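What follows is the content of start.tsv (TSV, N, CA and C atoms).
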```tsv
chain	number	residue	atom	x	y	z
S	1	MET	N	1.50	145.80	-8.50
S	1	MET	CA	2.20	146.54	-9.54
S	1	MET	C	1.37	147.74	-9.95
S	2	ASP	N	2.01	148.79	-10.39
S	2	ASP	CA	1.35	150.02	-10.79
S	2	ASP	C	0.46	149.79	-12.00
S	3	GLU	N	-0.85	150.08	-11.83
S	3	GLU	CA	-1.83	149.85	-12.90
S	3	GLU	C	-1.50	150.65	-14.16
S	4	VAL	N	-0.97	151.86	-14.01
S	4	VAL	CA	-0.62	152.67	-15.18
S	4	VAL	C	0.48	151.98	-15.97
S	5	PHE	N	1.46	151.45	-15.29
S	5	PHE	CA	2.56	150.75	-15.95
S	5	PHE	C	2.04	149.51	-16.68
S	6	ILE	N	1.15	148.77	-16.06
S	6	ILE	CA	0.60	147.56	-16.69
S	6	ILE	C	-0.19	147.93	-17.94
S	7	TYR	N	-0.99	148.98	-17.86
S	7	TYR	CA	-1.78	149.38	-19.04
S	7	TYR	C	-0.86	149.73	-20.20
S	8	ARG	N	0.24	150.38	-19.92
S	8	ARG	CA	1.21	150.72	-20.98
S	8	ARG	C	1.87	149.46	-21.54
S	9	GLN	N	2.18	148.51	-20.67
S	9	GLN	CA	2.77	147.25	-21.13
S	9	GLN	C	1.81	146.50	-22.05
S	10	ILE	N	0.55	146.44	-21.65
S	10	ILE	CA	-0.46	145.75	-22.46
S	10	ILE	C	-0.58	146.44	-23.81
S	11	THR	N	-0.70	147.76	-23.78
S	11	THR	CA	-0.83	148.53	-25.01
S	11	THR	C	0.35	148.28	-25.94
S	12	GLU	N	1.56	148.36	-25.42
S	12	GLU	CA	2.75	148.18	-26.25
S	12	GLU	C	2.87	146.75	-26.77
S	13	LYS	N	2.53	145.76	-25.95
S	13	LYS	CA	2.60	144.37	-26.39
S	13	LYS	C	1.66	144.12	-27.56
S	14	ILE	N	0.43	144.59	-27.44
S	14	ILE	CA	-0.55	144.38	-28.52
S	14	ILE	C	-0.12	145.17	-29.76
S	15	ARG	N	0.34	146.39	-29.55
S	15	ARG	CA	0.81	147.21	-30.67
S	15	ARG	C	1.92	146.51	-31.43
S	16	GLN	N	2.89	145.98	-30.70
S	16	GLN	CA	3.99	145.26	-31.34
S	16	GLN	C	3.50	144.00	-32.06
S	17	ASP	N	2.55	143.30	-31.44
S	17	ASP	CA	1.99	142.10	-32.09
S	17	ASP	C	1.29	142.46	-33.40
S	18	ILE	N	0.62	143.59	-33.43
S	18	ILE	CA	-0.04	144.03	-34.66
S	18	ILE	C	0.99	144.42	-35.71
S	19	LEU	N	1.97	145.23	-35.32
S	19	LEU	CA	2.96	145.71	-36.27
S	19	LEU	C	3.88	144.60	-36.78
S	20	SER	N	4.12	143.60	-35.96
S	20	SER	CA	5.00	142.50	-36.37
S	20	SER	C	4.27	141.45	-37.20
S	21	GLY	N	2.94	141.52	-37.21
S	21	GLY	CA	2.17	140.53	-37.97
S	21	GLY	C	1.72	139.35	-37.14
S	22	ALA	N	2.06	139.33	-35.85
S	22	ALA	CA	1.60	138.24	-34.99
S	22	ALA	C	0.08	138.30	-34.85
S	23	LEU	N	-0.48	139.49	-34.89
S	23	LEU	CA	-1.93	139.69	-34.94
S	23	LEU	C	-2.25	140.25	-36.32
S	24	HIS	N	-3.27	139.69	-36.95
S	24	HIS	CA	-3.63	140.07	-38.31
S	24	HIS	C	-4.90	140.90	-38.32
S	25	PRO	N	-5.13	141.64	-39.43
S	25	PRO	CA	-6.38	142.40	-39.55
S	25	PRO	C	-7.59	141.49	-39.31
S	26	GLY	N	-8.49	141.96	-38.48
S	26	GLY	CA	-9.70	141.21	-38.17
S	26	GLY	C	-9.57	140.25	-37.00
S	27	ASP	N	-8.34	139.98	-36.55
S	27	ASP	CA	-8.15	139.08	-35.40
S	27	ASP	C	-8.85	139.67	-34.18
S	28	ARG	N	-9.46	138.80	-33.43
S	28	ARG	CA	-10.14	139.23	-32.20
S	28	ARG	C	-9.15	139.15	-31.04
S	29	LEU	N	-9.13	140.20	-30.26
S	29	LEU	CA	-8.29	140.21	-29.06
S	29	LEU	C	-9.01	139.45	-27.95
S	30	PRO	N	-8.25	138.95	-26.99
S	30	PRO	CA	-8.90	138.27	-25.86
S	30	PRO	C	-9.86	139.22	-25.15
S	31	SER	N	-10.86	138.66	-24.50
S	31	SER	CA	-11.82	139.50	-23.78
S	31	SER	C	-11.09	140.25	-22.67
S	32	VAL	N	-11.72	141.31	-22.20
S	32	VAL	CA	-11.15	142.12	-21.12
S	32	VAL	C	-10.92	141.25	-19.89
S	33	ARG	N	-11.85	140.35	-19.61
S	33	ARG	CA	-11.70	139.46	-18.45
S	33	ARG	C	-10.50	138.52	-18.62
S	34	GLU	N	-10.37	137.94	-19.82
S	34	GLU	CA	-9.23	137.05	-20.07
S	34	GLU	C	-7.91	137.80	-19.90
S	35	MET	N	-7.84	139.00	-20.48
S	35	MET	CA	-6.60	139.78	-20.39
S	35	MET	C	-6.31	140.18	-18.95
S	36	SER	N	-7.34	140.50	-18.18
S	36	SER	CA	-7.09	140.89	-16.78
S	36	SER	C	-6.53	139.71	-15.99
S	37	ARG	N	-6.97	138.50	-16.32
S	37	ARG	CA	-6.40	137.31	-15.66
S	37	ARG	C	-4.96	137.08	-16.13
S	38	THR	N	-4.73	137.20	-17.42
S	38	THR	CA	-3.39	136.99	-17.98
S	38	THR	C	-2.38	137.96	-17.39
S	39	TRP	N	-2.76	139.23	-17.28
S	39	TRP	CA	-1.86	140.26	-16.82
S	39	TRP	C	-1.97	140.52	-15.32
S	40	ASN	N	-2.85	139.79	-14.65
S	40	ASN	CA	-3.05	139.94	-13.21
S	40	ASN	C	-3.30	141.40	-12.83
S	41	CYS	N	-4.32	141.96	-13.48
S	41	CYS	CA	-4.66	143.36	-13.25
S	41	CYS	C	-6.18	143.52	-13.26
S	42	THR	N	-6.64	144.73	-13.06
S	42	THR	CA	-8.07	144.97	-13.06
S	42	THR	C	-8.62	145.03	-14.48
S	43	ILE	N	-9.92	144.83	-14.59
S	43	ILE	CA	-10.59	144.93	-15.89
S	43	ILE	C	-10.44	146.34	-16.44
S	44	GLY	N	-10.52	147.33	-15.56
S	44	GLY	CA	-10.37	148.72	-15.98
S	44	GLY	C	-9.03	149.01	-16.63
S	45	THR	N	-7.98	148.34	-16.15
S	45	THR	CA	-6.65	148.53	-16.73
S	45	THR	C	-6.63	148.04	-18.18
S	46	VAL	N	-7.23	146.88	-18.42
S	46	VAL	CA	-7.29	146.33	-19.78
S	46	VAL	C	-8.17	147.21	-20.66
S	47	GLN	N	-9.29	147.67	-20.11
S	47	GLN	CA	-10.16	148.55	-20.88
S	47	GLN	C	-9.42	149.82	-21.30
S	48	ARG	N	-8.62	150.35	-20.40
S	48	ARG	CA	-7.84	151.55	-20.72
S	48	ARG	C	-6.85	151.26	-21.84
S	49	ALA	N	-6.20	150.11	-21.80
S	49	ALA	CA	-5.26	149.73	-22.86
S	49	ALA	C	-5.99	149.59	-24.19
S	50	TYR	N	-7.14	148.93	-24.19
S	50	TYR	CA	-7.91	148.75	-25.42
S	50	TYR	C	-8.39	150.11	-25.95
S	51	GLN	N	-8.78	151.02	-25.06
S	51	GLN	CA	-9.21	152.35	-25.48
S	51	GLN	C	-8.06	153.11	-26.13
S	52	GLU	N	-6.88	152.98	-25.55
S	52	GLU	CA	-5.70	153.64	-26.10
S	52	GLU	C	-5.40	153.10	-27.50
S	53	LEU	N	-5.47	151.80	-27.67
S	53	LEU	CA	-5.24	151.19	-28.98
S	53	LEU	C	-6.29	151.64	-29.99
S	54	ALA	N	-7.53	151.76	-29.55
S	54	ALA	CA	-8.61	152.24	-30.44
S	54	ALA	C	-8.36	153.70	-30.81
S	55	HIS	N	-7.93	154.49	-29.84
S	55	HIS	CA	-7.65	155.91	-30.10
S	55	HIS	C	-6.58	156.07	-31.19
S	56	HIS	N	-5.63	155.16	-31.22
S	56	HIS	CA	-4.55	155.21	-32.21
S	56	HIS	C	-4.90	154.48	-33.50
S	57	GLY	N	-6.14	153.99	-33.59
S	57	GLY	CA	-6.60	153.38	-34.83
S	57	GLY	C	-6.12	151.98	-35.08
S	58	LEU	N	-5.71	151.27	-34.02
S	58	LEU	CA	-5.20	149.90	-34.20
S	58	LEU	C	-6.27	148.84	-34.00
S	59	VAL	N	-7.27	149.14	-33.19
S	59	VAL	CA	-8.33	148.17	-32.92
S	59	VAL	C	-9.68	148.89	-32.95
S	60	THR	N	-10.73	148.09	-33.10
S	60	THR	CA	-12.08	148.60	-32.97
S	60	THR	C	-12.81	147.72	-31.98
S	61	SER	N	-13.72	148.32	-31.23
S	61	SER	CA	-14.50	147.57	-30.25
S	61	SER	C	-15.97	147.78	-30.55
S	62	ARG	N	-16.71	146.68	-30.52
S	62	ARG	CA	-18.16	146.75	-30.70
S	62	ARG	C	-18.81	145.88	-29.66
S	63	ALA	N	-19.87	146.41	-29.06
S	63	ALA	CA	-20.59	145.66	-28.02
S	63	ALA	C	-21.06	144.31	-28.59
S	64	GLY	N	-20.77	143.27	-27.86
S	64	GLY	CA	-21.18	141.93	-28.26
S	64	GLY	C	-20.27	141.26	-29.27
S	65	GLN	N	-19.38	142.03	-29.88
S	65	GLN	CA	-18.45	141.46	-30.88
S	65	GLN	C	-17.01	141.50	-30.43
S	66	GLY	N	-16.75	142.17	-29.32
S	66	GLY	CA	-15.39	142.21	-28.80
S	66	GLY	C	-14.53	143.25	-29.48
S	67	THR	N	-13.24	143.11	-29.27
S	67	THR	CA	-12.25	144.05	-29.81
S	67	THR	C	-11.44	143.33	-30.87
S	68	ARG	N	-11.34	143.96	-32.03
S	68	ARG	CA	-10.63	143.35	-33.16
S	68	ARG	C	-9.59	144.30	-33.73
S	69	VAL	N	-8.57	143.70	-34.35
S	69	VAL	CA	-7.55	144.47	-35.06
S	69	VAL	C	-8.22	145.08	-36.29
S	70	VAL	N	-7.91	146.35	-36.56
S	70	VAL	CA	-8.50	147.03	-37.71
S	70	VAL	C	-8.08	146.36	-39.01
S	71	ASP	N	-8.89	146.54	-40.04
S	71	ASP	CA	-8.57	145.95	-41.34
S	71	ASP	C	-7.39	146.63	-42.02
S	72	ARG	N	-7.23	147.92	-41.74
S	72	ARG	CA	-6.14	148.67	-42.36
S	72	ARG	C	-5.50	149.59	-41.32
S	73	LEU	N	-4.19	149.47	-41.17
S	73	LEU	CA	-3.48	150.30	-40.19
S	73	LEU	C	-3.43	151.75	-40.64
S	74	PRO	N	-3.39	152.69	-39.69
S	74	PRO	CA	-3.23	154.10	-40.05
S	74	PRO	C	-1.93	154.28	-40.85
S	75	LEU	N	-1.94	155.22	-41.79
S	75	LEU	CA	-0.78	155.44	-42.66
S	75	LEU	C	0.51	155.68	-41.87
S	76	ALA	N	0.41	156.40	-40.77
S	76	ALA	CA	1.61	156.69	-39.98
S	76	ALA	C	2.26	155.40	-39.47
S	77	LEU	N	1.47	154.39	-39.16
S	77	LEU	CA	2.03	153.14	-38.66
S	77	LEU	C	2.47	152.22	-39.79
S	78	GLN	N	1.87	152.37	-40.95
S	78	GLN	CA	2.29	151.55	-42.07
S	78	GLN	C	3.73	151.87	-42.45
S	79	ALA	N	4.14	153.10	-42.21
S	79	ALA	CA	5.49	153.53	-42.56
S	79	ALA	C	6.52	153.11	-41.51
S	80	GLU	N	6.07	152.58	-40.37
S	80	GLU	CA	7.01	152.22	-39.31
S	80	GLU	C	7.83	151.00	-39.72
S	81	THR	N	9.13	151.12	-39.58
S	81	THR	CA	10.04	150.04	-39.92
S	81	THR	C	11.00	149.84	-38.76
S	82	PRO	N	11.66	148.69	-38.71
S	82	PRO	CA	12.67	148.48	-37.65
S	82	PRO	C	13.77	149.54	-37.68
S	83	LEU	N	14.17	149.97	-38.87
S	83	LEU	CA	15.22	150.97	-38.98
S	83	LEU	C	14.75	152.32	-38.42
S	84	ARG	N	13.51	152.67	-38.72
S	84	ARG	CA	12.95	153.92	-38.20
S	84	ARG	C	12.87	153.86	-36.68
S	85	ARG	N	12.43	152.72	-36.15
S	85	ARG	CA	12.35	152.54	-34.70
S	85	ARG	C	13.74	152.64	-34.08
S	86	ALA	N	14.74	152.00	-34.70
S	86	ALA	CA	16.11	152.03	-34.17
S	86	ALA	C	16.64	153.47	-34.15
S	87	ALA	N	16.32	154.25	-35.16
S	87	ALA	CA	16.77	155.64	-35.21
S	87	ALA	C	16.16	156.44	-34.06
S	88	LEU	N	14.89	156.18	-33.78
S	88	LEU	CA	14.23	156.88	-32.67
S	88	LEU	C	14.86	156.49	-31.33
S	89	VAL	N	15.12	155.21	-31.14
S	89	VAL	CA	15.76	154.75	-29.90
S	89	VAL	C	17.15	155.39	-29.77
S	90	HIS	N	17.87	155.46	-30.86
S	90	HIS	CA	19.20	156.09	-30.84
S	90	HIS	C	19.11	157.55	-30.39
S	91	ARG	N	18.13	158.28	-30.92
S	91	ARG	CA	17.96	159.68	-30.53
S	91	ARG	C	17.57	159.80	-29.05
S	92	ALA	N	16.73	158.89	-28.59
S	92	ALA	CA	16.33	158.90	-27.17
S	92	ALA	C	17.53	158.62	-26.28
S	93	GLU	N	18.37	157.67	-26.69
S	93	GLU	CA	19.56	157.36	-25.89
S	93	GLU	C	20.54	158.53	-25.88
S	94	ALA	N	20.66	159.24	-26.98
S	94	ALA	CA	21.54	160.41	-27.02
S	94	ALA	C	21.03	161.49	-26.06
S	95	PHE	N	19.71	161.70	-26.05
S	95	PHE	CA	19.12	162.66	-25.11
S	95	PHE	C	19.40	162.24	-23.67
S	96	LEU	N	19.18	160.95	-23.37
S	96	LEU	CA	19.41	160.46	-22.01
S	96	LEU	C	20.86	160.62	-21.59
S	97	LEU	N	21.77	160.30	-22.47
S	97	LEU	CA	23.19	160.46	-22.16
S	97	LEU	C	23.52	161.92	-21.85
S	98	GLU	N	22.94	162.82	-22.65
S	98	GLU	CA	23.18	164.25	-22.43
S	98	GLU	C	22.68	164.71	-21.06
S	99	VAL	N	21.44	164.38	-20.71
S	99	VAL	CA	20.90	164.87	-19.45
S	99	VAL	C	21.48	164.14	-18.24
S	100	LEU	N	21.79	162.86	-18.39
S	100	LEU	CA	22.43	162.13	-17.28
S	100	LEU	C	23.82	162.70	-17.00
S	101	SER	N	24.53	163.06	-18.07
S	101	SER	CA	25.89	163.59	-17.88
S	101	SER	C	25.89	164.99	-17.27
S	102	THR	N	24.75	165.67	-17.28
S	102	THR	CA	24.66	166.99	-16.65
S	102	THR	C	24.15	166.91	-15.22
S	103	GLY	N	23.95	165.68	-14.72
S	103	GLY	CA	23.62	165.51	-13.31
S	103	GLY	C	22.18	165.17	-12.98
S	104	TYR	N	21.31	165.10	-13.97
S	104	TYR	CA	19.92	164.74	-13.66
S	104	TYR	C	19.84	163.26	-13.31
S	105	GLN	N	18.90	162.93	-12.44
S	105	GLN	CA	18.68	161.55	-12.02
S	105	GLN	C	17.60	160.92	-12.92
S	106	ILE	N	17.65	159.61	-13.06
S	106	ILE	CA	16.71	158.90	-13.93
S	106	ILE	C	15.26	159.20	-13.55
S	107	ALA	N	14.97	159.20	-12.27
S	107	ALA	CA	13.58	159.43	-11.83
S	107	ALA	C	13.09	160.81	-12.25
S	108	GLU	N	13.94	161.85	-12.10
S	108	GLU	CA	13.48	163.19	-12.48
S	108	GLU	C	13.40	163.35	-14.00
S	109	ILE	N	14.23	162.64	-14.74
S	109	ILE	CA	14.14	162.67	-16.21
S	109	ILE	C	12.82	162.03	-16.64
S	110	GLU	N	12.52	160.90	-16.03
S	110	GLU	CA	11.28	160.19	-16.37
S	110	GLU	C	10.05	161.06	-16.10
S	111	ILE	N	10.04	161.76	-14.98
S	111	ILE	CA	8.91	162.64	-14.65
S	111	ILE	C	8.81	163.78	-15.67
S	112	ALA	N	9.94	164.38	-16.00
S	112	ALA	CA	9.94	165.49	-16.95
S	112	ALA	C	9.47	165.06	-18.33
S	113	VAL	N	9.94	163.91	-18.78
S	113	VAL	CA	9.53	163.40	-20.09
S	113	VAL	C	8.04	163.07	-20.08
S	114	GLN	N	7.55	162.47	-19.00
S	114	GLN	CA	6.13	162.15	-18.92
S	114	GLN	C	5.28	163.42	-18.94
S	115	GLN	N	5.73	164.46	-18.24
S	115	GLN	CA	5.00	165.72	-18.25
S	115	GLN	C	4.96	166.31	-19.66
S	116	ALA	N	6.08	166.27	-20.34
S	116	ALA	CA	6.15	166.80	-21.71
S	116	ALA	C	5.23	165.99	-22.63
S	117	LEU	N	5.26	164.68	-22.50
S	117	LEU	CA	4.39	163.84	-23.33
S	117	LEU	C	2.91	164.12	-23.04
S	118	ASP	N	2.59	164.28	-21.79
S	118	ASP	CA	1.20	164.59	-21.42
S	118	ASP	C	0.75	165.90	-22.05
S	119	ARG	N	1.62	166.92	-22.05
S	119	ARG	CA	1.25	168.20	-22.67
S	119	ARG	C	1.03	168.02	-24.17
S	120	TRP	N	1.91	167.27	-24.83
S	120	TRP	CA	1.75	167.05	-26.27
S	120	TRP	C	0.51	166.24	-26.57
S	121	ARG	N	0.24	165.22	-25.76
S	121	ARG	CA	-0.99	164.44	-25.96
S	121	ARG	C	-2.21	165.33	-25.86
S	122	PHE	N	-2.23	166.20	-24.87
S	122	PHE	CA	-3.35	167.11	-24.69
S	122	PHE	C	-3.52	168.00	-25.92
S	123	ARG	N	-2.41	168.52	-26.42
S	123	ARG	CA	-2.47	169.38	-27.62
S	123	ARG	C	-3.01	168.60	-28.82
S	124	PHE	N	-2.54	167.38	-29.01
S	124	PHE	CA	-3.00	166.57	-30.14
S	124	PHE	C	-4.46	166.19	-29.99
S	125	LEU	N	-4.86	165.83	-28.78
S	125	LEU	CA	-6.27	165.48	-28.56
S	125	LEU	C	-7.17	166.67	-28.80
S	126	ARG	N	-6.73	167.82	-28.34
S	126	ARG	CA	-7.52	169.04	-28.49
S	126	ARG	C	-7.64	169.43	-29.97
S	127	SER	N	-6.58	169.19	-30.74
S	127	SER	CA	-6.60	169.57	-32.16
S	127	SER	C	-7.22	168.48	-33.04
S	128	GLY	N	-7.46	167.29	-32.45
S	128	GLY	CA	-8.03	166.18	-33.23
S	128	GLY	C	-6.99	165.38	-33.97
S	129	SER	N	-5.70	165.66	-33.76
S	129	SER	CA	-4.62	164.91	-34.39
S	129	SER	C	-4.25	163.71	-33.56
S	130	GLN	N	-3.35	162.90	-34.09
S	130	GLN	CA	-2.84	161.77	-33.32
S	130	GLN	C	-1.36	161.89	-33.30
```
Translate this structure into structure tokens?
Amino acid sequence: MDEVFIYRQITEKIRQDILSGALHPGDRLPSVREMSRTWNCTIGTVQRAYQELAHHGLVTSRAGQGTRVVDRLPLALQAETPLRRAALVHRAEAFLLEVLSTGYQIAEIEIAVQQALDRWRFRFLRSGSQ
């Protein structure tokens, strides 16, 4: 399976567990080795997922202490609600319906969206924003 796809799945699963309360502040995440066995992927893939979560302020990692859920979520995530998420999904579906109806294929839409996201990520990283 594509390592990039797995890293995103791991990141999203842990993110959802934190936001839903399944993981609590201070909870320790499984070791990188444990997660690589669970997800049947390389250690580097799990490390990348953990780094992404740390970049977004959801977890902290310390040598010898492992990776833990932060004590306080970033303000932007504290405001996230199911209704807000549903509104975003609705807008994404409207966009997809629009571009699919004009003849674009799913694969080319996915590539274009990924390119756009990569450009925005670069801009945010360069400016120090999230």
* Determine which residues of segment 29-108 of chain S receive a DSSP assignment of strand (DSSP E), computed from the backbone, and state them as a list in words. =>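 Reading the DSSP output for segment 29-108 of chain S, strand (DSSP E) covers Val59, Thr60, Ser61, Arg62, Gly66, Thr67, Arg68 and Val69 of chain S.
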* Output as a PyMOL selection string all residues of chain S that backbone DSSP marks as alpha helix (DSSP H). => chain S and resi 3-20+32-39+43-55+75-78+82-101+106-127
* Go ahead and find all residues with at least one atom no further than 5 Å from (-4.4, 142.8, -18.9) in the file's coordinates, using only N, CA and C atoms; report them as JSON, numbers by chain. => {"S": [35, 36, 39, 46]}
Within 6 Å of Thr11 of chain S, counting only C-alpha atoms, which residues show up once you throw out same-chain ones fewer than 3 positions away? Write them as a PDB file with N, CA and C atoms, in the coordinates of the input, please.
```pdb
ATOM      1  N   ARG S   8       0.240 150.380 -19.920  1.00  0.00           N
ATOM      2  CA  ARG S   8       1.210 150.720 -20.980  1.00  0.00           C
ATOM      3  C   ARG S   8       1.870 149.460 -21.540  1.00  0.00           C
ATOM      4  N   ILE S  14       0.430 144.590 -27.440  1.00  0.00           N
ATOM      5  CA  ILE S  14      -0.550 144.380 -28.520  1.00  0.00           C
ATOM      6  C   ILE S  14      -0.120 145.170 -29.760  1.00  0.00           C
ATOM      7  N   ALA S  49      -6.200 150.110 -21.800  1.00  0.00           N
ATOM      8  CA  ALA S  49      -5.260 149.730 -22.860  1.00  0.00           C
ATOM      9  C   ALA S  49      -5.990 149.590 -24.190  1.00  0.00           C
TER      10      ALA S  49
END
```
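Between atom CA of Gly44 of chain S and atom N of Ala107 of chain S the interatomic distance comes to 27.7 Å.
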Hey, could you pull the box centre and edge lengths for segment 21-27 of chain S, axis-aligned, 5 Å padding per side, all listed atoms, to one decimal in Å, as JSON?
```
{"center_x": -3.4, "center_y": 140.3, "center_z": -36.9, "size_x": 22.6, "size_y": 14.2, "size_z": 15.4}
```
* Asked: When distances are computed from all atoms listed in the file, which of S:Val32, S:Leu73, S:Val113, S:Ile43 shows the smallest separation from Gly57 of chain S?
  -> S:Leu73
* Asked: If you measure from atom C of Ala54 of chain S to atom N of Pro25 of chain S, what distance in Å do you get, rounded to one decimal?
  ->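 That distance, rounded to one decimal, is 15.2 Å.
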* Quick one, how far is atom N of Pro82 of chain S from atom C of Thr67 of chain S? ->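 Atom C of Thr67 of chain S lies at a distance of 25.0 Å from atom N of Pro82 of chain S.
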